[in-house]
$ cat model.cif   # mmCIF, N, CA and C atoms
data_query
#
loop_
_atom_site.label_atom_id
_atom_site.label_comp_id
_atom_site.auth_asym_id
_atom_site.auth_seq_id
_atom_site.Cartn_x
_atom_site.Cartn_y
_atom_site.Cartn_z
N MET A 1 209.82 23.34 110.10
CA MET A 1 208.44 23.16 110.46
C MET A 1 207.61 24.19 109.70
N LYS A 2 206.57 23.72 109.05
CA LYS A 2 205.71 24.63 108.31
C LYS A 2 204.25 24.31 108.61
N PHE A 3 203.48 25.36 108.87
CA PHE A 3 202.08 25.21 109.24
C PHE A 3 201.22 26.10 108.36
N GLN A 4 200.08 25.57 107.94
CA GLN A 4 199.10 26.37 107.22
C GLN A 4 198.20 27.06 108.25
N VAL A 5 197.92 28.33 108.02
CA VAL A 5 197.10 29.11 108.95
C VAL A 5 195.92 29.68 108.17
N GLN A 6 194.74 29.47 108.69
CA GLN A 6 193.52 29.94 108.02
C GLN A 6 193.01 31.22 108.67
N GLY A 7 192.70 32.19 107.84
CA GLY A 7 192.14 33.43 108.34
C GLY A 7 190.83 33.20 109.07
N MET A 8 190.63 33.92 110.16
CA MET A 8 189.42 33.89 110.99
C MET A 8 189.18 32.56 111.70
N ASP A 9 190.14 31.66 111.71
CA ASP A 9 189.99 30.37 112.40
C ASP A 9 190.53 30.50 113.83
N PHE A 10 189.74 31.13 114.68
CA PHE A 10 190.17 31.38 116.05
C PHE A 10 190.19 30.11 116.89
N SER A 11 189.50 29.06 116.45
CA SER A 11 189.51 27.81 117.22
C SER A 11 190.88 27.13 117.16
N ARG A 12 191.65 27.40 116.13
CA ARG A 12 192.99 26.79 116.02
C ARG A 12 194.12 27.81 116.13
N ALA A 13 193.76 29.06 116.35
CA ALA A 13 194.76 30.12 116.45
C ALA A 13 195.72 29.85 117.61
N GLY A 14 197.01 29.93 117.32
CA GLY A 14 198.03 29.69 118.33
C GLY A 14 198.59 28.28 118.35
N GLN A 15 197.96 27.37 117.62
CA GLN A 15 198.43 25.98 117.62
C GLN A 15 199.81 25.84 117.00
N ALA A 16 200.08 26.56 115.93
CA ALA A 16 201.39 26.46 115.29
C ALA A 16 202.47 26.96 116.24
N ALA A 17 202.24 28.08 116.90
CA ALA A 17 203.22 28.62 117.85
C ALA A 17 203.46 27.64 119.00
N THR A 18 202.41 26.99 119.45
CA THR A 18 202.55 26.00 120.53
C THR A 18 203.42 24.83 120.09
N LYS A 19 203.23 24.36 118.86
CA LYS A 19 204.05 23.25 118.35
C LYS A 19 205.50 23.66 118.17
N ILE A 20 205.72 24.89 117.73
CA ILE A 20 207.09 25.40 117.60
C ILE A 20 207.74 25.47 118.98
N LYS A 21 207.01 25.94 119.97
CA LYS A 21 207.54 26.03 121.33
C LYS A 21 207.98 24.65 121.84
N LYS A 22 207.14 23.65 121.63
CA LYS A 22 207.49 22.29 122.07
C LYS A 22 208.75 21.80 121.38
N ALA A 23 208.88 22.09 120.08
CA ALA A 23 210.06 21.66 119.33
C ALA A 23 211.32 22.35 119.86
N LEU A 24 211.21 23.63 120.16
CA LEU A 24 212.37 24.36 120.69
C LEU A 24 212.77 23.84 122.07
N GLN A 25 211.79 23.53 122.89
CA GLN A 25 212.09 22.97 124.21
C GLN A 25 212.74 21.60 124.09
N LEU A 26 212.22 20.76 123.21
CA LEU A 26 212.81 19.44 123.00
C LEU A 26 214.23 19.52 122.44
N ALA A 27 214.49 20.56 121.66
CA ALA A 27 215.82 20.74 121.09
C ALA A 27 216.80 21.33 122.10
N GLY A 28 216.29 21.70 123.27
CA GLY A 28 217.17 22.26 124.31
C GLY A 28 217.56 23.70 124.05
N MET A 29 216.74 24.42 123.29
CA MET A 29 217.03 25.83 123.00
C MET A 29 216.98 26.63 124.30
N ASP A 30 217.83 27.64 124.39
CA ASP A 30 217.86 28.52 125.55
C ASP A 30 216.46 29.07 125.82
N PRO A 31 216.00 29.07 127.09
CA PRO A 31 214.64 29.55 127.39
C PRO A 31 214.37 30.99 126.93
N ALA A 32 215.34 31.87 127.02
CA ALA A 32 215.14 33.25 126.57
C ALA A 32 214.95 33.31 125.05
N THR A 33 215.72 32.50 124.34
CA THR A 33 215.56 32.43 122.88
C THR A 33 214.20 31.86 122.53
N THR A 34 213.81 30.82 123.24
CA THR A 34 212.50 30.19 123.01
C THR A 34 211.39 31.20 123.23
N ARG A 35 211.47 31.95 124.31
CA ARG A 35 210.43 32.94 124.64
C ARG A 35 210.30 33.97 123.52
N LYS A 36 211.42 34.51 123.06
CA LYS A 36 211.39 35.51 121.99
C LYS A 36 210.83 34.92 120.70
N ALA A 37 211.27 33.72 120.35
CA ALA A 37 210.81 33.09 119.11
C ALA A 37 209.31 32.81 119.16
N ILE A 38 208.81 32.43 120.32
CA ILE A 38 207.38 32.12 120.43
C ILE A 38 206.54 33.40 120.41
N ILE A 39 207.04 34.46 120.97
CA ILE A 39 206.32 35.74 120.86
C ILE A 39 206.17 36.10 119.38
N ILE A 40 207.25 35.97 118.63
CA ILE A 40 207.22 36.28 117.20
C ILE A 40 206.24 35.36 116.48
N ALA A 41 206.37 34.05 116.73
CA ALA A 41 205.51 33.07 116.04
C ALA A 41 204.03 33.30 116.36
N TYR A 42 203.72 33.51 117.63
CA TYR A 42 202.33 33.70 118.02
C TYR A 42 201.75 34.99 117.42
N GLU A 43 202.47 36.09 117.55
CA GLU A 43 201.97 37.36 117.01
C GLU A 43 201.80 37.29 115.49
N ALA A 44 202.76 36.66 114.81
CA ALA A 44 202.66 36.53 113.36
C ALA A 44 201.48 35.62 112.97
N GLU A 45 201.31 34.54 113.71
CA GLU A 45 200.19 33.63 113.45
C GLU A 45 198.86 34.36 113.66
N MET A 46 198.76 35.12 114.73
CA MET A 46 197.51 35.84 115.01
C MET A 46 197.24 36.91 113.95
N ASN A 47 198.29 37.55 113.45
CA ASN A 47 198.08 38.52 112.38
C ASN A 47 197.49 37.87 111.14
N ILE A 48 197.93 36.66 110.83
CA ILE A 48 197.35 35.93 109.69
C ILE A 48 195.89 35.63 109.98
N VAL A 49 195.60 35.10 111.16
CA VAL A 49 194.23 34.74 111.52
C VAL A 49 193.31 35.97 111.47
N ILE A 50 193.78 37.09 112.01
CA ILE A 50 192.95 38.29 112.11
C ILE A 50 192.78 39.00 110.77
N HIS A 51 193.85 39.11 110.00
CA HIS A 51 193.84 40.00 108.84
C HIS A 51 193.80 39.31 107.47
N ALA A 52 194.30 38.11 107.35
CA ALA A 52 194.48 37.50 106.03
C ALA A 52 193.43 36.44 105.71
N CYS A 53 193.36 36.08 104.44
CA CYS A 53 192.51 34.96 104.02
C CYS A 53 193.13 33.65 104.50
N HIS A 54 194.42 33.52 104.24
CA HIS A 54 195.17 32.35 104.69
C HIS A 54 196.65 32.65 104.56
N GLY A 55 197.45 31.76 105.13
CA GLY A 55 198.89 31.95 105.05
C GLY A 55 199.63 30.77 105.63
N SER A 56 200.92 30.95 105.83
CA SER A 56 201.74 29.89 106.41
C SER A 56 202.70 30.49 107.42
N LEU A 57 203.06 29.66 108.38
CA LEU A 57 204.03 30.02 109.40
C LEU A 57 205.11 28.95 109.38
N THR A 58 206.34 29.37 109.19
CA THR A 58 207.46 28.44 109.09
C THR A 58 208.48 28.77 110.16
N ALA A 59 209.03 27.73 110.79
CA ALA A 59 210.11 27.90 111.76
C ALA A 59 211.29 27.06 111.29
N ASN A 60 212.42 27.70 111.07
CA ASN A 60 213.66 27.01 110.76
C ASN A 60 214.53 27.09 112.00
N ILE A 61 214.84 25.94 112.55
CA ILE A 61 215.53 25.87 113.83
C ILE A 61 216.91 25.26 113.64
N THR A 62 217.93 25.97 114.10
CA THR A 62 219.30 25.46 114.12
C THR A 62 219.85 25.71 115.52
N PRO A 63 220.97 25.11 115.88
CA PRO A 63 221.54 25.40 117.20
C PRO A 63 221.87 26.88 117.40
N ARG A 64 222.15 27.59 116.33
CA ARG A 64 222.54 29.00 116.39
C ARG A 64 221.39 29.99 116.44
N LYS A 65 220.25 29.62 115.82
CA LYS A 65 219.17 30.59 115.67
C LYS A 65 217.83 29.94 115.38
N VAL A 66 216.80 30.77 115.53
CA VAL A 66 215.45 30.39 115.13
C VAL A 66 214.99 31.45 114.13
N GLU A 67 214.57 30.98 112.98
CA GLU A 67 214.07 31.86 111.93
C GLU A 67 212.57 31.61 111.79
N ILE A 68 211.79 32.67 111.86
CA ILE A 68 210.34 32.57 111.70
C ILE A 68 209.96 33.32 110.44
N ILE A 69 209.17 32.67 109.59
CA ILE A 69 208.69 33.29 108.36
C ILE A 69 207.17 33.15 108.33
N ALA A 70 206.50 34.26 108.15
CA ALA A 70 205.05 34.27 108.01
C ALA A 70 204.72 34.87 106.66
N ASP A 71 204.03 34.10 105.85
CA ASP A 71 203.57 34.55 104.53
C ASP A 71 202.06 34.51 104.52
N ASP A 72 201.43 35.55 103.99
CA ASP A 72 199.98 35.50 103.91
C ASP A 72 199.47 36.11 102.63
N GLU A 73 198.26 35.72 102.29
CA GLU A 73 197.51 36.34 101.22
C GLU A 73 196.40 37.11 101.91
N GLY A 74 196.51 38.42 101.85
CA GLY A 74 195.55 39.25 102.55
C GLY A 74 195.59 40.66 102.03
N PRO A 75 195.11 41.59 102.85
CA PRO A 75 195.00 42.97 102.39
C PRO A 75 196.34 43.70 102.27
N GLY A 76 197.39 43.14 102.86
CA GLY A 76 198.67 43.83 102.86
C GLY A 76 198.68 44.96 103.87
N ILE A 77 199.84 45.55 104.05
CA ILE A 77 200.02 46.64 104.99
C ILE A 77 200.39 47.88 104.19
N PRO A 78 199.48 48.86 104.10
CA PRO A 78 199.76 50.05 103.30
C PRO A 78 200.93 50.89 103.82
N ASP A 79 201.09 50.96 105.14
CA ASP A 79 202.13 51.80 105.74
C ASP A 79 202.79 51.01 106.87
N ILE A 80 203.88 50.34 106.57
CA ILE A 80 204.54 49.47 107.55
C ILE A 80 205.04 50.28 108.75
N SER A 81 205.58 51.46 108.52
CA SER A 81 206.09 52.25 109.65
C SER A 81 204.95 52.63 110.60
N LEU A 82 203.78 52.93 110.08
CA LEU A 82 202.62 53.23 110.92
C LEU A 82 202.17 51.97 111.67
N ALA A 83 202.16 50.84 110.98
CA ALA A 83 201.75 49.58 111.61
C ALA A 83 202.71 49.14 112.71
N MET A 84 203.94 49.62 112.69
CA MET A 84 204.92 49.27 113.72
C MET A 84 204.73 50.09 115.00
N GLN A 85 203.86 51.08 114.98
CA GLN A 85 203.64 51.91 116.16
C GLN A 85 202.71 51.19 117.15
N GLU A 86 203.12 51.20 118.42
CA GLU A 86 202.30 50.56 119.46
C GLU A 86 200.91 51.19 119.48
N GLY A 87 199.91 50.33 119.50
CA GLY A 87 198.52 50.79 119.59
C GLY A 87 197.84 51.01 118.25
N TYR A 88 198.60 51.04 117.15
CA TYR A 88 197.97 51.21 115.85
C TYR A 88 197.40 49.87 115.39
N SER A 89 196.14 49.87 115.02
CA SER A 89 195.50 48.62 114.60
C SER A 89 194.47 48.89 113.52
N THR A 90 194.38 47.96 112.58
CA THR A 90 193.32 48.02 111.57
C THR A 90 192.29 46.92 111.83
N ALA A 91 192.38 46.26 112.97
CA ALA A 91 191.43 45.20 113.29
C ALA A 91 190.03 45.78 113.46
N PRO A 92 189.03 45.12 112.91
CA PRO A 92 187.66 45.62 113.04
C PRO A 92 187.13 45.45 114.47
N PRO A 93 186.07 46.17 114.81
CA PRO A 93 185.53 46.13 116.17
C PRO A 93 185.22 44.72 116.69
N HIS A 94 184.68 43.84 115.84
CA HIS A 94 184.32 42.51 116.34
C HIS A 94 185.56 41.71 116.75
N ILE A 95 186.71 41.98 116.16
CA ILE A 95 187.96 41.33 116.55
C ILE A 95 188.44 41.91 117.88
N ARG A 96 188.34 43.19 118.03
CA ARG A 96 188.74 43.85 119.28
C ARG A 96 187.87 43.40 120.44
N GLU A 97 186.59 43.17 120.18
CA GLU A 97 185.68 42.69 121.22
C GLU A 97 186.08 41.30 121.70
N MET A 98 186.76 40.54 120.85
CA MET A 98 187.25 39.21 121.23
C MET A 98 188.56 39.30 122.03
N GLY A 99 189.12 40.50 122.15
CA GLY A 99 190.36 40.68 122.90
C GLY A 99 191.61 40.71 122.05
N PHE A 100 191.45 40.77 120.75
CA PHE A 100 192.58 40.82 119.82
C PHE A 100 192.61 42.18 119.14
N GLY A 101 193.69 42.44 118.39
CA GLY A 101 193.75 43.65 117.60
C GLY A 101 194.08 44.91 118.38
N ALA A 102 194.90 44.77 119.42
CA ALA A 102 195.26 45.93 120.24
C ALA A 102 196.40 46.75 119.63
N GLY A 103 196.93 46.30 118.52
CA GLY A 103 198.01 47.05 117.89
C GLY A 103 199.37 46.82 118.52
N MET A 104 199.57 45.66 119.13
CA MET A 104 200.86 45.35 119.75
C MET A 104 201.60 44.22 119.04
N GLY A 105 200.98 43.60 118.05
CA GLY A 105 201.58 42.45 117.39
C GLY A 105 202.93 42.75 116.75
N LEU A 106 202.94 43.68 115.80
CA LEU A 106 204.20 44.00 115.13
C LEU A 106 205.21 44.65 116.08
N PRO A 107 204.81 45.56 116.97
CA PRO A 107 205.78 46.08 117.93
C PRO A 107 206.39 44.98 118.82
N ASN A 108 205.58 44.01 119.24
CA ASN A 108 206.11 42.91 120.05
C ASN A 108 207.09 42.05 119.24
N ILE A 109 206.78 41.85 117.97
CA ILE A 109 207.69 41.09 117.11
C ILE A 109 209.01 41.85 116.99
N LYS A 110 208.94 43.15 116.76
CA LYS A 110 210.15 43.96 116.61
C LYS A 110 211.02 43.90 117.87
N LYS A 111 210.39 43.99 119.05
CA LYS A 111 211.13 43.93 120.31
C LYS A 111 211.80 42.58 120.53
N SER A 112 211.20 41.52 120.02
CA SER A 112 211.70 40.17 120.27
C SER A 112 212.73 39.70 119.25
N ALA A 113 212.72 40.29 118.07
CA ALA A 113 213.58 39.83 116.97
C ALA A 113 214.96 40.47 117.03
N ASP A 114 215.97 39.67 116.71
CA ASP A 114 217.32 40.21 116.51
C ASP A 114 217.46 40.79 115.12
N GLU A 115 216.75 40.21 114.17
CA GLU A 115 216.68 40.72 112.80
C GLU A 115 215.24 40.61 112.34
N LEU A 116 214.78 41.60 111.58
CA LEU A 116 213.39 41.62 111.14
C LEU A 116 213.29 42.29 109.77
N ASP A 117 212.50 41.69 108.91
CA ASP A 117 212.20 42.28 107.60
C ASP A 117 210.73 42.02 107.30
N ILE A 118 210.00 43.06 106.95
CA ILE A 118 208.60 42.94 106.59
C ILE A 118 208.42 43.55 105.21
N ARG A 119 207.82 42.78 104.33
CA ARG A 119 207.51 43.26 102.98
C ARG A 119 206.04 43.00 102.72
N SER A 120 205.39 43.99 102.17
CA SER A 120 203.96 43.87 101.97
C SER A 120 203.52 44.59 100.72
N GLU A 121 202.52 44.03 100.07
CA GLU A 121 201.93 44.64 98.90
C GLU A 121 200.42 44.68 99.10
N VAL A 122 199.85 45.87 99.00
CA VAL A 122 198.42 46.05 99.21
C VAL A 122 197.63 45.15 98.26
N ASN A 123 196.62 44.51 98.80
CA ASN A 123 195.72 43.58 98.09
C ASN A 123 196.41 42.30 97.62
N LYS A 124 197.62 42.04 98.10
CA LYS A 124 198.33 40.81 97.74
C LYS A 124 198.71 40.01 98.98
N GLY A 125 199.38 40.69 99.92
CA GLY A 125 199.78 39.98 101.13
C GLY A 125 201.05 40.52 101.74
N THR A 126 201.49 39.80 102.76
CA THR A 126 202.63 40.23 103.57
C THR A 126 203.56 39.06 103.83
N ARG A 127 204.85 39.36 103.86
CA ARG A 127 205.87 38.38 104.24
C ARG A 127 206.69 38.98 105.37
N LEU A 128 206.71 38.28 106.48
CA LEU A 128 207.49 38.68 107.64
C LEU A 128 208.59 37.65 107.85
N TRP A 129 209.81 38.14 108.04
CA TRP A 129 210.96 37.29 108.29
C TRP A 129 211.63 37.82 109.55
N ALA A 130 211.81 36.95 110.54
CA ALA A 130 212.44 37.36 111.78
C ALA A 130 213.41 36.28 112.26
N VAL A 131 214.49 36.72 112.89
CA VAL A 131 215.50 35.80 113.43
C VAL A 131 215.74 36.15 114.89
N VAL A 132 215.88 35.09 115.69
CA VAL A 132 216.33 35.21 117.07
C VAL A 132 217.57 34.34 117.18
N PHE A 133 218.68 34.93 117.58
CA PHE A 133 219.91 34.17 117.76
C PHE A 133 219.91 33.51 119.13
N ASN A 134 220.38 32.28 119.17
CA ASN A 134 220.41 31.51 120.42
C ASN A 134 221.51 32.05 121.32
N ASN A 135 221.18 32.26 122.58
CA ASN A 135 222.14 32.75 123.57
C ASN A 135 223.08 31.65 124.01
#
$ encode --input "model.cif" --output "structure tokens"
Amino acid sequence: MKFQVQGMDFSRAGQAATKIKKALQLAGMDPATTRKAIIIAYEAEMNIVIHACHGSLTANITPRKVEIIADDEGPGIPDISLAMQEGYSTAPPHIREMGFGAGMGLPNIKKSADELDIRSEVNKGTRLWAVVFNN
């Protein structure tokens, strides 16, 4: 499953994660695995909406695992280790006023993923790869 995600499109934000959730439920994926995968998908999708010009969210689903890949064209992450700290956010004030940008996205992804890799280049974009193994 692959979805295009547009930056700053809050009217459709979360739709890709919702569709992935339905697919996992229809596939009979373990509820705990589904919950972790959807946390990853939603947080990654919101990061694209909040920070990037545009990007894609992909879910590869097998009986053994769920793989989530988020690719974006955006500002990139200058310091990934800093961005992984709870509460650290580069979201502008108008995004925070909407209730987003609390600095929990990447930490929540890290907590939910069994495997995680984030690669980013400033002024180019970010690629996030996460796996949740099915229980």
$ resolve_selection --input "model.cif" --expression "the PyMOL selection byres ((chain A and resi 117-132) around 6)" --output "list in words"
Arg64, Lys65, Val66, Glu67, Ile68, Ile69, Ala70, Asp71, Asp72, Glu73, Gly74, Pro75, Gly76, Ile77, Pro78, Ala113, Asp114, Glu115, Leu116, Phe133 and Asn134 of chain A
$ closest_residue --input "model.cif" --among "A:Glu43, A:Thr58, A:Gln25, A:Ala52" --to "Met1 of chain A" --atoms "only N, CA and C atoms"
A:Thr58
$ residues_near_point --input "model.cif" --point "(207.0, 36.8, 119.5)" --cutoff "8 Å" --atoms "all atoms listed in the file" --output "short mmCIF file (atom, residue, chain, number, x, y, z; two decimals) with N, CA and C atoms, in the coordinates of the input"
data_model
loop_
_atom_site.label_atom_id
_atom_site.label_comp_id
_atom_site.auth_asym_id
_atom_site.auth_seq_id
_atom_site.Cartn_x
_atom_site.Cartn_y
_atom_site.Cartn_z
N ARG A 35 211.47 31.95 124.31
CA ARG A 35 210.43 32.94 124.64
C ARG A 35 210.30 33.97 123.52
N LYS A 36 211.42 34.51 123.06
CA LYS A 36 211.39 35.51 121.99
C LYS A 36 210.83 34.92 120.70
N ALA A 37 211.27 33.72 120.35
CA ALA A 37 210.81 33.09 119.11
C ALA A 37 209.31 32.81 119.16
N ILE A 38 208.81 32.43 120.32
CA ILE A 38 207.38 32.12 120.43
C ILE A 38 206.54 33.40 120.41
N ILE A 39 207.04 34.46 120.97
CA ILE A 39 206.32 35.74 120.86
C ILE A 39 206.17 36.10 119.38
N ILE A 40 207.25 35.97 118.63
CA ILE A 40 207.22 36.28 117.20
C ILE A 40 206.24 35.36 116.48
N ALA A 41 206.37 34.05 116.73
CA ALA A 41 205.51 33.07 116.04
C ALA A 41 204.03 33.30 116.36
N TYR A 42 203.72 33.51 117.63
CA TYR A 42 202.33 33.70 118.02
C TYR A 42 201.75 34.99 117.42
N GLU A 43 202.47 36.09 117.55
CA GLU A 43 201.97 37.36 117.01
C GLU A 43 201.80 37.29 115.49
N ALA A 44 202.76 36.66 114.81
CA ALA A 44 202.66 36.53 113.36
C ALA A 44 201.48 35.62 112.97
N GLY A 105 200.98 43.60 118.05
CA GLY A 105 201.58 42.45 117.39
C GLY A 105 202.93 42.75 116.75
N ASN A 108 205.58 44.01 119.24
CA ASN A 108 206.11 42.91 120.05
C ASN A 108 207.09 42.05 119.24
N ILE A 109 206.78 41.85 117.97
CA ILE A 109 207.69 41.09 117.11
C ILE A 109 209.01 41.85 116.99
N LYS A 110 208.94 43.15 116.76
CA LYS A 110 210.15 43.96 116.61
C LYS A 110 211.02 43.90 117.87
N LYS A 111 210.39 43.99 119.05
CA LYS A 111 211.13 43.93 120.31
C LYS A 111 211.80 42.58 120.53
N SER A 112 211.20 41.52 120.02
CA SER A 112 211.70 40.17 120.27
C SER A 112 212.73 39.70 119.25
N ALA A 113 212.72 40.29 118.07
CA ALA A 113 213.58 39.83 116.97
C ALA A 113 214.96 40.47 117.03
#
$ atom_distance --input "model.cif" --atom1 "atom CA of Ile95 of chain A" --atom2 "atom CA of Asp79 of chain A"
20.7 Å
$ atom_distance --input "model.cif" --atom1 "atom C of Met46 of chain A" --atom2 "atom N of Met8 of chain A"
8.2 Å
$ closest_residue --input "model.cif" --among "A:Ala17, A:Thr34, A:Val5, A:Ile50" --to "Pro92 of chain A" --atoms "all atoms listed in the file"
A:Ile50
$ select_by_dssp --input "model.cif" --residues "segment 50-122 of chain A" --states "helix (DSSP H, G or I)" --output "ChimeraX atom specification"
/A:50-51,80-83,93-97,105-112
$ resolve_selection --input "model.cif" --expression "the PyMOL selection byres (((chain A and resi 86 and name CA) around 8) and name CA)" --output "number ranges by chain"
A: 83-85, 87-88, 103-104, 107
$ atom_distance --input "model.cif" --atom1 "atom CA of Gly28 of chain A" --atom2 "atom CA of Phe3 of chain A"
21.5 Å
$ closest_residue --input "model.cif" --among "A:Leu57, A:Leu82, A:Leu106, A:Val49" --to "Gly7 of chain A" --atoms "all atoms listed in the file"
A:Val49
$ closest_residue --input "model.cif" --among "A:Leu26, A:Gly55, A:Ser89, A:Met98" --to "Lys2 of chain A" --atoms "only C-alpha atoms"
A:Gly55
$ closest_residue --input "model.cif" --among "A:Ser11, A:Glu45, A:Gly101, A:Arg96" --to "Ala59 of chain A" --atoms "only C-alpha atoms"
A:Glu45
$ decode --input "model.cif" --residues "segment 99-112 of chain A" --atoms "N, CA and C atoms" --output "JSON list (two decimals), in the first residue's frame"
[["chain", "number", "residue", "atom", "x", "y", "z"],
["A", 99, "GLY", "N", -2.50, 22.01, 17.88],
["A", 99, "GLY", "CA", -2.42, 20.80, 18.71],
["A", 99, "GLY", "C", -1.41, 19.78, 18.22],
["A", 100, "PHE", "N", -0.60, 20.16, 17.26],
["A", 100, "PHE", "CA", 0.43, 19.27, 16.71],
["A", 100, "PHE", "C", 1.80, 19.81, 17.08],
["A", 101, "GLY", "N", 2.84, 19.02, 16.80],
["A", 101, "GLY", "CA", 4.20, 19.50, 16.99],
["A", 101, "GLY", "C", 4.67, 19.50, 18.43],
["A", 102, "ALA", "N", 4.21, 18.53, 19.22],
["A", 102, "ALA", "CA", 4.61, 18.46, 20.62],
["A", 102, "ALA", "C", 5.96, 17.78, 20.82],
["A", 103, "GLY", "N", 6.56, 17.30, 19.75],
["A", 103, "GLY", "CA", 7.86, 16.66, 19.88],
["A", 103, "GLY", "C", 7.79, 15.23, 20.36],
["A", 104, "MET", "N", 6.68, 14.55, 20.10],
["A", 104, "MET", "CA", 6.53, 13.15, 20.51],
["A", 104, "MET", "C", 6.47, 12.19, 19.33],
["A", 105, "GLY", "N", 6.46, 12.71, 18.11],
["A", 105, "GLY", "CA", 6.31, 11.86, 16.93],
["A", 105, "GLY", "C", 7.41, 10.81, 16.79],
["A", 106, "LEU", "N", 8.65, 11.26, 16.67],
["A", 106, "LEU", "CA", 9.75, 10.31, 16.52],
["A", 106, "LEU", "C", 9.95, 9.45, 17.76],
["A", 107, "PRO", "N", 9.86, 9.99, 18.98],
["A", 107, "PRO", "CA", 9.95, 9.12, 20.15],
["A", 107, "PRO", "C", 8.85, 8.04, 20.18],
["A", 108, "ASN", "N", 7.63, 8.40, 19.78],
["A", 108, "ASN", "CA", 6.55, 7.40, 19.73],
["A", 108, "ASN", "C", 6.82, 6.33, 18.68],
["A", 109, "ILE", "N", 7.39, 6.74, 17.56],
["A", 109, "ILE", "CA", 7.75, 5.78, 16.52],
["A", 109, "ILE", "C", 8.81, 4.83, 17.07],
["A", 110, "LYS", "N", 9.82, 5.37, 17.72],
["A", 110, "LYS", "CA", 10.91, 4.55, 18.27],
["A", 110, "LYS", "C", 10.37, 3.53, 19.27],
["A", 111, "LYS", "N", 9.45, 3.96, 20.15],
["A", 111, "LYS", "CA", 8.88, 3.06, 21.15],
["A", 111, "LYS", "C", 8.06, 1.94, 20.53],
["A", 112, "SER", "N", 7.44, 2.22, 19.39],
["A", 112, "SER", "CA", 6.54, 1.25, 18.76],
["A", 112, "SER", "C", 7.24, 0.30, 17.80]]
